[in-house]
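Participant: Below is a structure I'd like to ask you about.
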Amino acid sequence: MPEILTKHPDIVMKVLKSQGAQCGTGAKPKILTKCPAENFCTLTGGELCVYGTDEVGKMTQLSPQDLCRTSSAPVSTHEEMPALPPASHPPQEVVAGIPIAVALVSVGLFAIVRHR
């Protein structure tokens, strides 16, 4: 089950509660046994542990090094994140239409300036 790290844990828990989650109620975790009671949420589909950014040290699935890697920081034994997909490019029709749009705007601006 996942741990969630957010800048606004209170808002995340409020959203989860609005969808039927039981958060901070003292329910006993079955899987996330190290989750603090006030951070624990249970849903029909599983469990979540919601942490604020000031609680990174309490997390069991992520470490501060996982979040702020530098060349000197030790690499976690956790599985590496997959590479991001290559950036998508706009369709050729859009690219081909750019010079036409620029020409039309230029003609319009020229007509306005000339009219004055």
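Ordering of the structure tokens sets the chain letters (A, B, ...), residue numbers begin anew at 1 in every chain, and ligands are numbered from 1 in the order given.
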Extract, using only C-alpha atoms, all DNA, RNA and protein residues at most 10 Å from stretch 38-52 of chain A, discarding same-chain residues fewer than 3 positions from it, and format them as a PDB file with N, CA and C atoms, in the first residue's frame.

Facilitator:
```pdb
ATOM      1  N   MET A   1       0.839  -1.177   0.000  1.00  0.00           N
ATOM      2  CA  MET A   1       0.000   0.000   0.000  1.00  0.00           C
ATOM      3  C   MET A   1       0.888   1.246   0.000  1.00  0.00           C
ATOM      4  N   PRO A   2       0.396   2.311  -0.590  1.00  0.00           N
ATOM      5  CA  PRO A   2       1.253   3.487  -0.764  1.00  0.00           C
ATOM      6  C   PRO A   2       1.278   4.456   0.420  1.00  0.00           C
ATOM      7  N   GLU A   3       2.397   5.114   0.479  1.00  0.00           N
ATOM      8  CA  GLU A   3       2.539   6.282   1.333  1.00  0.00           C
ATOM      9  C   GLU A   3       2.430   7.485   0.397  1.00  0.00           C
ATOM     10  N   ILE A   4       1.773   8.531   0.865  1.00  0.00           N
ATOM     11  CA  ILE A   4       1.602   9.738   0.064  1.00  0.00           C
ATOM     12  C   ILE A   4       2.360  10.865   0.741  1.00  0.00           C
ATOM     13  N   LEU A   5       3.169  11.587  -0.029  1.00  0.00           N
ATOM     14  CA  LEU A   5       3.901  12.736   0.476  1.00  0.00           C
ATOM     15  C   LEU A   5       3.323  13.976  -0.191  1.00  0.00           C
ATOM     16  N   THR A   6       2.893  14.934   0.601  1.00  0.00           N
ATOM     17  CA  THR A   6       2.266  16.136   0.066  1.00  0.00           C
ATOM     18  C   THR A   6       2.577  17.341   0.928  1.00  0.00           C
ATOM     19  N   LYS A   7       2.539  18.491   0.304  1.00  0.00           N
ATOM     20  CA  LYS A   7       2.746  19.745   1.023  1.00  0.00           C
ATOM     21  C   LYS A   7       1.520  20.077   1.874  1.00  0.00           C
ATOM     22  N   HIS A   8       0.373  19.497   1.518  1.00  0.00           N
ATOM     23  CA  HIS A   8      -0.879  19.800   2.211  1.00  0.00           C
ATOM     24  C   HIS A   8      -1.599  18.517   2.653  1.00  0.00           C
ATOM     25  N   PRO A   9      -1.066  17.831   3.673  1.00  0.00           N
ATOM     26  CA  PRO A   9      -1.678  16.563   4.086  1.00  0.00           C
ATOM     27  C   PRO A   9      -3.112  16.729   4.583  1.00  0.00           C
ATOM     28  N   ASP A  10      -3.409  17.857   5.216  1.00  0.00           N
ATOM     29  CA  ASP A  10      -4.770  18.067   5.716  1.00  0.00           C
ATOM     30  C   ASP A  10      -5.781  18.113   4.575  1.00  0.00           C
ATOM     31  N   VAL A  12      -5.353  16.688   1.551  1.00  0.00           N
ATOM     32  CA  VAL A  12      -5.424  15.348   0.967  1.00  0.00           C
ATOM     33  C   VAL A  12      -6.351  14.470   1.809  1.00  0.00           C
ATOM     34  N   MET A  13      -6.213  14.551   3.117  1.00  0.00           N
ATOM     35  CA  MET A  13      -7.059  13.739   3.989  1.00  0.00           C
ATOM     36  C   MET A  13      -8.524  14.173   3.889  1.00  0.00           C
ATOM     37  N   LEU A  16      -9.793  12.653   0.692  1.00  0.00           N
ATOM     38  CA  LEU A  16      -9.995  11.215   0.886  1.00  0.00           C
ATOM     39  C   LEU A  16     -11.263  10.943   1.702  1.00  0.00           C
ATOM     40  N   LYS A  17     -11.458  11.719   2.773  1.00  0.00           N
ATOM     41  CA  LYS A  17     -12.655  11.554   3.600  1.00  0.00           C
ATOM     42  C   LYS A  17     -13.917  11.826   2.790  1.00  0.00           C
ATOM     43  N   GLN A  19     -14.469  11.076  -0.077  1.00  0.00           N
ATOM     44  CA  GLN A  19     -14.721   9.915  -0.924  1.00  0.00           C
ATOM     45  C   GLN A  19     -14.913   8.635  -0.114  1.00  0.00           C
ATOM     46  N   GLY A  20     -15.139   8.789   1.180  1.00  0.00           N
ATOM     47  CA  GLY A  20     -15.465   7.645   2.017  1.00  0.00           C
ATOM     48  C   GLY A  20     -14.320   7.045   2.802  1.00  0.00           C
ATOM     49  N   ALA A  21     -13.149   7.616   2.718  1.00  0.00           N
ATOM     50  CA  ALA A  21     -12.012   7.080   3.478  1.00  0.00           C
ATOM     51  C   ALA A  21     -12.200   7.377   4.967  1.00  0.00           C
ATOM     52  N   GLN A  22     -11.694   6.479   5.788  1.00  0.00           N
ATOM     53  CA  GLN A  22     -11.657   6.678   7.235  1.00  0.00           C
ATOM     54  C   GLN A  22     -10.229   7.115   7.559  1.00  0.00           C
ATOM     55  N   CYS A  23     -10.042   8.378   7.932  1.00  0.00           N
ATOM     56  CA  CYS A  23      -8.702   8.911   8.188  1.00  0.00           C
ATOM     57  C   CYS A  23      -8.578   9.396   9.621  1.00  0.00           C
ATOM     58  N   GLY A  24      -7.469   9.017  10.277  1.00  0.00           N
ATOM     59  CA  GLY A  24      -7.189   9.480  11.625  1.00  0.00           C
ATOM     60  C   GLY A  24      -8.210   9.038  12.649  1.00  0.00           C
ATOM     61  N   THR A  25      -8.884   7.934  12.419  1.00  0.00           N
ATOM     62  CA  THR A  25      -9.958   7.477  13.317  1.00  0.00           C
ATOM     63  C   THR A  25      -9.483   6.431  14.322  1.00  0.00           C
ATOM     64  N   GLY A  26      -8.232   6.040  14.238  1.00  0.00           N
ATOM     65  CA  GLY A  26      -7.716   5.017  15.134  1.00  0.00           C
ATOM     66  C   GLY A  26      -7.894   3.606  14.598  1.00  0.00           C
ATOM     67  N   ALA A  27      -8.322   3.497  13.339  1.00  0.00           N
ATOM     68  CA  ALA A  27      -8.445   2.174  12.719  1.00  0.00           C
ATOM     69  C   ALA A  27      -7.075   1.498  12.695  1.00  0.00           C
ATOM     70  N   LYS A  28      -7.055   0.197  12.877  1.00  0.00           N
ATOM     71  CA  LYS A  28      -5.795  -0.550  12.915  1.00  0.00           C
ATOM     72  C   LYS A  28      -5.335  -0.895  11.502  1.00  0.00           C
ATOM     73  N   PRO A  29      -4.111  -0.470  11.143  1.00  0.00           N
ATOM     74  CA  PRO A  29      -3.578  -0.833   9.831  1.00  0.00           C
ATOM     75  C   PRO A  29      -3.287  -2.330   9.746  1.00  0.00           C
ATOM     76  N   LYS A  30      -3.563  -2.900   8.585  1.00  0.00           N
ATOM     77  CA  LYS A  30      -3.254  -4.311   8.353  1.00  0.00           C
ATOM     78  C   LYS A  30      -1.917  -4.449   7.631  1.00  0.00           C
ATOM     79  N   ILE A  31      -1.614  -3.452   6.787  1.00  0.00           N
ATOM     80  CA  ILE A  31      -0.390  -3.510   5.996  1.00  0.00           C
ATOM     81  C   ILE A  31       0.581  -2.402   6.411  1.00  0.00           C
ATOM     82  N   LEU A  32       0.093  -1.183   6.521  1.00  0.00           N
ATOM     83  CA  LEU A  32       0.951  -0.038   6.867  1.00  0.00           C
ATOM     84  C   LEU A  32       1.053   0.095   8.388  1.00  0.00           C
ATOM     85  N   THR A  33       1.621  -0.905   9.000  1.00  0.00           N
ATOM     86  CA  THR A  33       1.629  -0.991  10.461  1.00  0.00           C
ATOM     87  C   THR A  33       2.476   0.080  11.144  1.00  0.00           C
ATOM     88  N   LYS A  34       3.373   0.725  10.409  1.00  0.00           N
ATOM     89  CA  LYS A  34       4.214   1.768  11.015  1.00  0.00           C
ATOM     90  C   LYS A  34       3.662   3.166  10.770  1.00  0.00           C
ATOM     91  N   CYS A  35       2.505   3.256  10.128  1.00  0.00           N
ATOM     92  CA  CYS A  35       1.892   4.553   9.847  1.00  0.00           C
ATOM     93  C   CYS A  35       1.339   5.147  11.140  1.00  0.00           C
ATOM     94  N   GLU A  55       7.484  15.444   7.439  1.00  0.00           N
ATOM     95  CA  GLU A  55       7.471  14.106   8.018  1.00  0.00           C
ATOM     96  C   GLU A  55       8.199  13.069   7.174  1.00  0.00           C
ATOM     97  N   VAL A  56       9.010  13.517   6.237  1.00  0.00           N
ATOM     98  CA  VAL A  56       9.710  12.590   5.341  1.00  0.00           C
ATOM     99  C   VAL A  56      10.495  11.544   6.138  1.00  0.00           C
ATOM    100  N   GLY A  57      11.085  11.943   7.229  1.00  0.00           N
ATOM    101  CA  GLY A  57      11.878  11.020   8.038  1.00  0.00           C
ATOM    102  C   GLY A  57      11.076   9.888   8.653  1.00  0.00           C
ATOM    103  N   LYS A  58       9.758  10.042   8.756  1.00  0.00           N
ATOM    104  CA  LYS A  58       8.897   9.008   9.315  1.00  0.00           C
ATOM    105  C   LYS A  58       8.476   7.973   8.274  1.00  0.00           C
ATOM    106  N   MET A  59       8.661   8.289   7.011  1.00  0.00           N
ATOM    107  CA  MET A  59       8.196   7.403   5.940  1.00  0.00           C
ATOM    108  C   MET A  59       9.039   6.125   5.898  1.00  0.00           C
TER     109      MET A  59
END
```

Participant: I'd like to know which residues of stretch 7-79 of chain A are strand (DSSP E) (by DSSP, run on the backbone); could you write them as a list in words?

Facilitator: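 Output for stretch 7-79 of chain A, strand (DSSP E) only: Gln22, Cys23, Phe40, Cys41, Thr42, Leu43, Gly46, Glu47, Leu48, Cys49, Val50, Tyr51 and Gly52 of chain A.
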
Participant: Convert the current residue selection to file output with C-alpha atoms, as a CSV table (one decimal), in the first residue's frame.

Facilitator:
```csv
chain,number,residue,atom,x,y,z
A,22,GLN,CA,-11.7,6.7,7.2
A,23,CYS,CA,-8.7,8.9,8.2
A,40,PHE,CA,-3.6,6.6,8.5
A,41,CYS,CA,-6.5,6.3,6.0
A,42,THR,CA,-8.4,3.1,5.1
A,43,LEU,CA,-10.6,2.7,2.1
A,46,GLY,CA,-6.8,-0.5,0.7
A,47,GLU,CA,-4.8,1.6,3.0
A,48,LEU,CA,-2.9,4.9,2.6
A,49,CYS,CA,-0.5,6.8,4.8
A,50,VAL,CA,-0.5,10.5,4.2
A,51,TYR,CA,2.7,12.5,5.2
A,52,GLY,CA,3.5,16.2,5.1
```

Participant: Write down as number ranges by chain the residues belonging to stretch 11-62 of chain A that are assigned alpha helix (DSSP H) by DSSP computed on the backbone.

Facilitator: A: 11-18
